[in-house]
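Written out below as C-alpha cells is the structure these notes cover.
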There are 2 protein chains.
Amino acid sequence: MERKSRQKIEIRNILSQNNFHPTIEEIHIILKKRIPGVGIATVYRNVDKMVRNGEIIRLEVPGQGARFDGNTEKHYHFRCEKCASVEDVWLDLDMEGYINSAPPLKDALINDYVIEFTGVCQQCRHSI
Amino acid sequence: MERKSRQKIEIRNILSQNNFHPTIEEIHIILKKRIPGVGIATVYRNVDKMVRNGEIIRLEVPGQGARFDGNTEKHYHFRCEKCASVEDVWLDLDMEGYINSAPPLKDALINDYVIEFTGVCQQCRHSI
DNA sequence: TTACCTGCAAACCGTTTGCCTAGCA
DNA sequence: TGCTAGGCAAACGGTTTGCAGGTAA
C-alpha cells in the first residue's frame, strides 16, 4: 500500500506546474524551501515511483540528468541547446498509420513514441 | 590536424555496420578482439569526436549508457523495452510544416528532431 | 502497531581527466 | 622530431542502496 508523505505531495505539487520540466536537482532545490532538510534520495525515490505509476513523464537529456514533466497528455518537447530549457510542443499528429505499416514497427508491439526537437530557443536566439 | 589511428579506423568500421546500434561497452568488447589491450577511454574519446564531427549519431537510452549509429541519413529508431535492442525506422515524414507553424517551434531555431518508438520487438514478443 | 517512508552516507557505475608513453605525419 | 592519440588509473557526478529512526494508516 502506498502512503501519502508530505514529501511526495509537495513533489507532485511542484511537477503540476504547467510547461515546467525540472531536473531532479531543481526539484530538490524547490522542495528544500518547503521542507528544509529533505534529502535528494527522497526526490529520486518519489520521482521514480511516479514515473513507474505513469503520473509523470521522464525526459532524457544528453549530458545532464533527466527532466520530468507532470503533464501526461500526449505532447512533444523542444530542448534549447544553449540554455538546456525544455518547452512543450503540441502537435496534432497521426502516427497510427505509420506504426501499422512501417517495418519494424508493424511487427513489434508499440507502446509509445516520443518526438524531441532541438535547437536554439527564442530567448537565446535574441540574446547573442 | 586529426590523425588516423588504428583504433579510430576500427571503431569507424564497427559503426559502419548496417542497423547496428552498440553501446560504448559493446564497441569496446568488439574492438578488443581486433586490438587487444585497447582502453575504454579510447573508445569514449573517439566516439565523442565522431559525434561532434557529425560522422555518427548518439542515441540516448534511459538507464543504460548511450548507443551510437553510424548511419547519418535522417531516420528514426525503435527501442525494445525488454531486450534494449534498437532498430532503424524509416518513415517519410514532413515535419517542416509543423516546425514553421507550431509554437514554440516557429519562434525558435530548430536544428534537428528525433523520433523514438518504444515497445516490445518481434523477437521478445514471440518468446514469452 | 506495522509496513512504508525518510535522511544520511556510502556504494555504484558510466564517463571524464591527467599524466606519461607510443606512434603517426 | 613534434604533436596527436592511446593506455592506465584516479577522479567525477549523477543515481542507487543499506540502514536506522520516523510516520502515516
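Here's how to read the names in the C-alpha cells: chain A, B, ... by the order shown, residue numbers from 1 in each chain, ligand numbers from 1 in the order shown.
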
Contact table chain B vs chain C, cut-off 9 Å, shortest pair per residue, only C-alpha atoms (C1' of nucleotides), as a Markdown table:
```
| residue | atom | partner | partner_atom | distance |
| --- | --- | --- | --- | --- |
| B:Arg3 | CA | C:DC24 | C1' | 6.8 |
| B:Lys4 | CA | C:DC24 | C1' | 7.6 |
| B:Ser5 | CA | C:DC24 | C1' | 7.5 |
| B:Ala41 | CA | C:DT16 | C1' | 8.5 |
| B:Tyr44 | CA | C:DT15 | C1' | 8.0 |
| B:Gln64 | CA | C:DG14 | C1' | 8.6 |
| B:Gly65 | CA | C:DG14 | C1' | 6.9 |
```

Residue selection dump (C-alpha atoms) as a short mmCIF file (atom, residue, chain, number, x, y, z; two decimals), in the first residue's frame:
```cif
data_model
loop_
_atom_site.label_atom_id
_atom_site.label_comp_id
_atom_site.auth_asym_id
_atom_site.auth_seq_id
_atom_site.Cartn_x
_atom_site.Cartn_y
_atom_site.Cartn_z
CA ARG B 3 45.42 11.69 -37.34
CA LYS B 4 44.25 8.25 -38.41
CA SER B 5 45.00 5.79 -35.68
CA ALA B 41 38.80 5.75 -22.63
CA TYR B 44 34.92 7.27 -25.39
CA GLN B 64 21.77 2.31 -19.75
CA GLY B 65 24.52 4.20 -21.49
#
```

*Using DSSP on the backbone coordinates, identify all residues within region 11-123 of chain A classified as helix (DSSP H, G or I); present the result as an NGL selection string.*
:A and (11-15 or 24-34 or 40-52 or 96-101 or 105-107 or 122-123)

*Could you give me, as a ChimeraX atom specification, the residues within 10 Å of Val43 (chain B), counting only C-alpha atoms (C1' of nucleotides) and dropping anything in the same chain fewer than 4 positions from it?*
/B:7-8,11,24-25,27-28,31,38-39,47-49

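Those residues of chain B that fall within 7 Å of chain A when using only C-alpha atoms read Glu60, Pro62, Val89, Pro103, Pro104, Asp107, Ala108, Leu109, Ile110, Asn111, Asp112, Tyr113, Val114, Ile115, Glu116, Phe117, Thr118, Gly119, Val120, Cys121 and Gln122 of chain B.
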
*Select all residues from chain D having any atom no more than 9 Å from an atom of chain B (counting only C-alpha atoms (C1' of nucleotides), ignoring ligands), output as a ChimeraX atom specification.*
/D:4-8

Quick one: write out the picked residues with all heavy atoms as an mmCIF file, in the first residue's frame?
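Produced file selection.cif, reproduced below:
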```
data_model
loop_
_atom_site.group_PDB
_atom_site.id
_atom_site.type_symbol
_atom_site.label_atom_id
_atom_site.label_comp_id
_atom_site.auth_asym_id
_atom_site.auth_seq_id
_atom_site.Cartn_x
_atom_site.Cartn_y
_atom_site.Cartn_z
ATOM 1 P P DT D 4 48.718 18.863 -31.572
ATOM 2 O OP1 DT D 4 48.137 20.049 -32.209
ATOM 3 O OP2 DT D 4 48.999 18.841 -30.131
ATOM 4 O "O5'" DT D 4 47.785 17.609 -31.933
ATOM 5 C "C5'" DT D 4 47.797 17.070 -33.249
ATOM 6 C "C4'" DT D 4 47.559 15.566 -33.181
ATOM 7 O "O4'" DT D 4 48.706 14.905 -32.584
ATOM 8 C "C3'" DT D 4 46.341 15.150 -32.367
ATOM 9 O "O3'" DT D 4 45.610 14.197 -33.113
ATOM 10 C "C2'" DT D 4 46.936 14.556 -31.098
ATOM 11 C "C1'" DT D 4 48.261 14.000 -31.609
ATOM 12 N N1 DT D 4 49.332 13.903 -30.579
ATOM 13 C C2 DT D 4 50.007 12.718 -30.427
ATOM 14 O O2 DT D 4 49.759 11.725 -31.094
ATOM 15 N N3 DT D 4 50.985 12.736 -29.453
ATOM 16 C C4 DT D 4 51.350 13.793 -28.646
ATOM 17 O O4 DT D 4 52.241 13.671 -27.821
ATOM 18 C C5 DT D 4 50.595 15.011 -28.858
ATOM 19 C C7 DT D 4 50.882 16.207 -28.023
ATOM 20 C C6 DT D 4 49.629 15.011 -29.797
ATOM 21 P P DA D 5 44.288 13.546 -32.561
ATOM 22 O OP1 DA D 5 43.435 13.174 -33.694
ATOM 23 O OP2 DA D 5 43.784 14.410 -31.476
ATOM 24 O "O5'" DA D 5 44.816 12.192 -31.906
ATOM 25 C "C5'" DA D 5 45.448 11.232 -32.728
ATOM 26 C "C4'" DA D 5 45.694 9.960 -31.948
ATOM 27 O "O4'" DA D 5 46.788 10.174 -31.035
ATOM 28 C "C3'" DA D 5 44.506 9.524 -31.090
ATOM 29 O "O3'" DA D 5 44.366 8.107 -31.231
ATOM 30 C "C2'" DA D 5 44.886 9.946 -29.678
ATOM 31 C "C1'" DA D 5 46.408 9.817 -29.723
ATOM 32 N N9 DA D 5 47.108 10.720 -28.817
ATOM 33 C C8 DA D 5 46.862 12.056 -28.616
ATOM 34 N N7 DA D 5 47.665 12.614 -27.735
ATOM 35 C C5 DA D 5 48.491 11.578 -27.335
ATOM 36 C C6 DA D 5 49.542 11.510 -26.410
ATOM 37 N N6 DA D 5 49.979 12.568 -25.714
ATOM 38 N N1 DA D 5 50.149 10.325 -26.236
ATOM 39 C C2 DA D 5 49.713 9.266 -26.933
ATOM 40 N N3 DA D 5 48.729 9.203 -27.840
ATOM 41 C C4 DA D 5 48.153 10.400 -27.986
ATOM 42 P P DG D 6 43.429 7.270 -30.334
ATOM 43 O OP1 DG D 6 42.898 6.193 -31.183
ATOM 44 O OP2 DG D 6 42.529 8.190 -29.607
ATOM 45 O "O5'" DG D 6 44.460 6.626 -29.316
ATOM 46 C "C5'" DG D 6 45.506 5.814 -29.835
ATOM 47 C "C4'" DG D 6 46.187 5.070 -28.703
ATOM 48 O "O4'" DG D 6 46.883 6.036 -27.874
ATOM 49 C "C3'" DG D 6 45.238 4.326 -27.765
ATOM 50 O "O3'" DG D 6 45.842 3.084 -27.430
ATOM 51 C "C2'" DG D 6 45.095 5.240 -26.566
ATOM 52 C "C1'" DG D 6 46.434 5.964 -26.540
ATOM 53 N N9 DG D 6 46.386 7.332 -26.054
ATOM 54 C C8 DG D 6 45.530 8.323 -26.449
ATOM 55 N N7 DG D 6 45.742 9.470 -25.854
ATOM 56 C C5 DG D 6 46.807 9.211 -25.002
ATOM 57 C C6 DG D 6 47.487 10.054 -24.102
ATOM 58 O O6 DG D 6 47.277 11.254 -23.865
ATOM 59 N N1 DG D 6 48.517 9.387 -23.421
ATOM 60 C C2 DG D 6 48.840 8.085 -23.608
ATOM 61 N N2 DG D 6 49.843 7.608 -22.883
ATOM 62 N N3 DG D 6 48.211 7.271 -24.464
ATOM 63 C C4 DG D 6 47.214 7.897 -25.116
ATOM 64 P P DG D 7 45.033 1.964 -26.666
ATOM 65 O OP1 DG D 7 45.363 0.656 -27.266
ATOM 66 O OP2 DG D 7 43.636 2.399 -26.537
ATOM 67 O "O5'" DG D 7 45.724 2.042 -25.232
ATOM 68 C "C5'" DG D 7 47.081 1.669 -25.086
ATOM 69 C "C4'" DG D 7 47.470 1.715 -23.621
ATOM 70 O "O4'" DG D 7 47.555 3.097 -23.208
ATOM 71 C "C3'" DG D 7 46.473 1.029 -22.676
ATOM 72 O "O3'" DG D 7 47.225 0.259 -21.731
ATOM 73 C "C2'" DG D 7 45.724 2.184 -22.029
ATOM 74 C "C1'" DG D 7 46.755 3.301 -22.046
ATOM 75 N N9 DG D 7 46.202 4.646 -22.173
ATOM 76 C C8 DG D 7 45.154 5.044 -22.970
ATOM 77 N N7 DG D 7 44.888 6.322 -22.896
ATOM 78 C C5 DG D 7 45.824 6.799 -21.989
ATOM 79 C C6 DG D 7 46.036 8.118 -21.501
ATOM 80 O O6 DG D 7 45.419 9.147 -21.790
ATOM 81 N N1 DG D 7 47.084 8.171 -20.586
ATOM 82 C C2 DG D 7 47.850 7.096 -20.197
ATOM 83 N N2 DG D 7 48.808 7.335 -19.325
ATOM 84 N N3 DG D 7 47.664 5.856 -20.649
ATOM 85 C C4 DG D 7 46.642 5.786 -21.538
ATOM 86 P P DC D 8 46.499 -0.732 -20.722
ATOM 87 O OP1 DC D 8 47.392 -1.913 -20.608
ATOM 88 O OP2 DC D 8 45.089 -0.889 -21.114
ATOM 89 O "O5'" DC D 8 46.562 0.054 -19.342
ATOM 90 C "C5'" DC D 8 47.812 0.594 -18.889
ATOM 91 C "C4'" DC D 8 47.555 1.578 -17.766
ATOM 92 O "O4'" DC D 8 47.068 2.821 -18.305
ATOM 93 C "C3'" DC D 8 46.493 1.115 -16.768
ATOM 94 O "O3'" DC D 8 47.115 0.929 -15.493
ATOM 95 C "C2'" DC D 8 45.445 2.223 -16.747
ATOM 96 C "C1'" DC D 8 46.191 3.397 -17.366
ATOM 97 N N1 DC D 8 45.321 4.348 -18.105
ATOM 98 C C2 DC D 8 45.450 5.714 -17.858
ATOM 99 O O2 DC D 8 46.276 6.090 -17.019
ATOM 100 N N3 DC D 8 44.658 6.583 -18.531
ATOM 101 C C4 DC D 8 43.786 6.127 -19.422
ATOM 102 N N4 DC D 8 43.050 7.019 -20.078
ATOM 103 C C5 DC D 8 43.636 4.728 -19.695
ATOM 104 C C6 DC D 8 44.420 3.886 -19.023
#
```

*Surrounding residues of Ile30 (chain A) excluding itself and chain neighbours under 5 positions, 10 Å, only C-alpha atoms (C1' of nucleotides), as a PyMOL selection string*: chain A and resi 10-11+14+22+25+35-36

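For chain B, the set of residues given strand (DSSP E or B) by DSSP on the backbone reads Thr23, Ile57, Arg58, Leu59, Arg67, Phe68, Asp69, Tyr76, His77, Phe78, Arg79, Cys80, Val86, Glu87, Asp88, Val89, Leu109, Ile110, Asn111, Asp112, Tyr113, Val114, Ile115, Glu116, Phe117, Thr118, Gly119 and Val120 of chain B.
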
Could the residues in this selection be written to a file with N, CA, C and O atoms, as a short mmCIF file (atom, residue, chain, number, x, y, z; two decimals), in the first residue's frame?
```cif
data_model
loop_
_atom_site.label_atom_id
_atom_site.label_comp_id
_atom_site.auth_asym_id
_atom_site.auth_seq_id
_atom_site.Cartn_x
_atom_site.Cartn_y
_atom_site.Cartn_z
N THR B 23 26.42 0.08 -27.68
CA THR B 23 26.82 0.96 -26.59
C THR B 23 28.34 1.10 -26.62
O THR B 23 29.02 0.37 -27.35
N ILE B 57 25.74 9.22 -34.95
CA ILE B 57 24.64 9.79 -34.16
C ILE B 57 24.61 9.14 -32.79
O ILE B 57 24.79 7.92 -32.67
N ARG B 58 24.38 9.96 -31.78
CA ARG B 58 24.27 9.46 -30.43
C ARG B 58 22.80 9.27 -30.08
O ARG B 58 22.00 10.19 -30.22
N LEU B 59 22.46 8.08 -29.61
CA LEU B 59 21.09 7.80 -29.20
C LEU B 59 21.04 7.68 -27.69
O LEU B 59 21.80 6.92 -27.10
N ARG B 67 23.71 4.79 -27.01
CA ARG B 67 24.04 3.92 -28.14
C ARG B 67 24.41 4.80 -29.32
O ARG B 67 24.08 5.99 -29.33
N PHE B 68 25.09 4.22 -30.28
CA PHE B 68 25.59 5.02 -31.40
C PHE B 68 25.21 4.39 -32.72
O PHE B 68 25.08 3.17 -32.84
N ASP B 69 25.01 5.25 -33.72
CA ASP B 69 24.53 4.83 -35.04
C ASP B 69 25.40 5.47 -36.11
O ASP B 69 25.51 6.69 -36.18
N TYR B 76 14.65 7.18 -37.97
CA TYR B 76 14.20 7.17 -36.59
C TYR B 76 14.54 5.83 -35.94
O TYR B 76 15.16 4.98 -36.59
N HIS B 77 14.14 5.65 -34.70
CA HIS B 77 14.52 4.42 -34.01
C HIS B 77 13.39 3.83 -33.18
O HIS B 77 12.54 4.55 -32.67
N PHE B 78 13.46 2.52 -33.08
CA PHE B 78 12.56 1.78 -32.20
C PHE B 78 13.43 1.07 -31.17
O PHE B 78 14.42 0.44 -31.52
N ARG B 79 13.07 1.20 -29.90
CA ARG B 79 13.83 0.54 -28.84
C ARG B 79 12.95 -0.44 -28.11
O ARG B 79 11.84 -0.11 -27.68
N CYS B 80 13.44 -1.67 -27.97
CA CYS B 80 12.69 -2.70 -27.26
C CYS B 80 12.90 -2.54 -25.75
O CYS B 80 14.03 -2.47 -25.28
N VAL B 86 17.94 -1.77 -30.38
CA VAL B 86 17.47 -0.61 -31.13
C VAL B 86 17.45 -0.97 -32.61
O VAL B 86 18.40 -1.56 -33.11
N GLU B 87 16.36 -0.63 -33.28
CA GLU B 87 16.27 -0.89 -34.72
C GLU B 87 15.96 0.41 -35.46
O GLU B 87 15.26 1.28 -34.95
N ASP B 88 16.45 0.50 -36.68
CA ASP B 88 16.16 1.66 -37.51
C ASP B 88 14.71 1.66 -37.96
O ASP B 88 14.12 0.61 -38.21
N VAL B 89 14.15 2.86 -38.05
CA VAL B 89 12.79 3.04 -38.58
C VAL B 89 12.86 4.10 -39.66
O VAL B 89 13.31 5.23 -39.40
N LEU B 109 14.97 28.43 -33.36
CA LEU B 109 15.76 27.95 -34.49
C LEU B 109 15.88 26.45 -34.32
O LEU B 109 16.60 25.98 -33.45
N ILE B 110 15.17 25.70 -35.13
CA ILE B 110 15.17 24.24 -34.98
C ILE B 110 16.31 23.65 -35.80
O ILE B 110 16.37 23.83 -37.01
N ASN B 111 17.20 22.95 -35.11
CA ASN B 111 18.32 22.32 -35.80
C ASN B 111 18.05 20.88 -36.19
O ASN B 111 18.55 20.39 -37.19
N ASP B 112 17.26 20.20 -35.35
CA ASP B 112 17.04 18.78 -35.60
C ASP B 112 15.85 18.31 -34.77
O ASP B 112 15.38 19.01 -33.88
N TYR B 113 15.41 17.11 -35.05
CA TYR B 113 14.40 16.47 -34.21
C TYR B 113 14.60 14.98 -34.29
O TYR B 113 15.14 14.47 -35.28
N VAL B 114 14.21 14.29 -33.24
CA VAL B 114 14.32 12.84 -33.22
C VAL B 114 12.96 12.25 -32.85
O VAL B 114 12.17 12.87 -32.15
N ILE B 115 12.72 11.05 -33.37
CA ILE B 115 11.51 10.30 -33.01
C ILE B 115 11.97 8.94 -32.54
O ILE B 115 12.78 8.28 -33.21
N GLU B 116 11.53 8.56 -31.36
CA GLU B 116 11.87 7.23 -30.86
C GLU B 116 10.60 6.49 -30.45
O GLU B 116 9.81 6.98 -29.65
N PHE B 117 10.45 5.30 -31.02
CA PHE B 117 9.33 4.43 -30.68
C PHE B 117 9.82 3.44 -29.63
O PHE B 117 10.97 3.00 -29.66
N THR B 118 8.96 3.11 -28.69
CA THR B 118 9.31 2.11 -27.68
C THR B 118 8.21 1.07 -27.60
O THR B 118 7.04 1.37 -27.85
N GLY B 119 8.61 -0.13 -27.20
CA GLY B 119 7.65 -1.21 -27.09
C GLY B 119 8.38 -2.53 -26.95
O GLY B 119 9.45 -2.58 -26.35
N VAL B 120 7.79 -3.56 -27.51
CA VAL B 120 8.39 -4.90 -27.44
C VAL B 120 8.64 -5.39 -28.86
O VAL B 120 7.72 -5.40 -29.68
#
```

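Shortest atom-to-atom contact with Thr72 (chain A) among A:Asn100, A:Ser85, A:Ser127, A:Asn18: A:Asn18, counting only C-alpha atoms.
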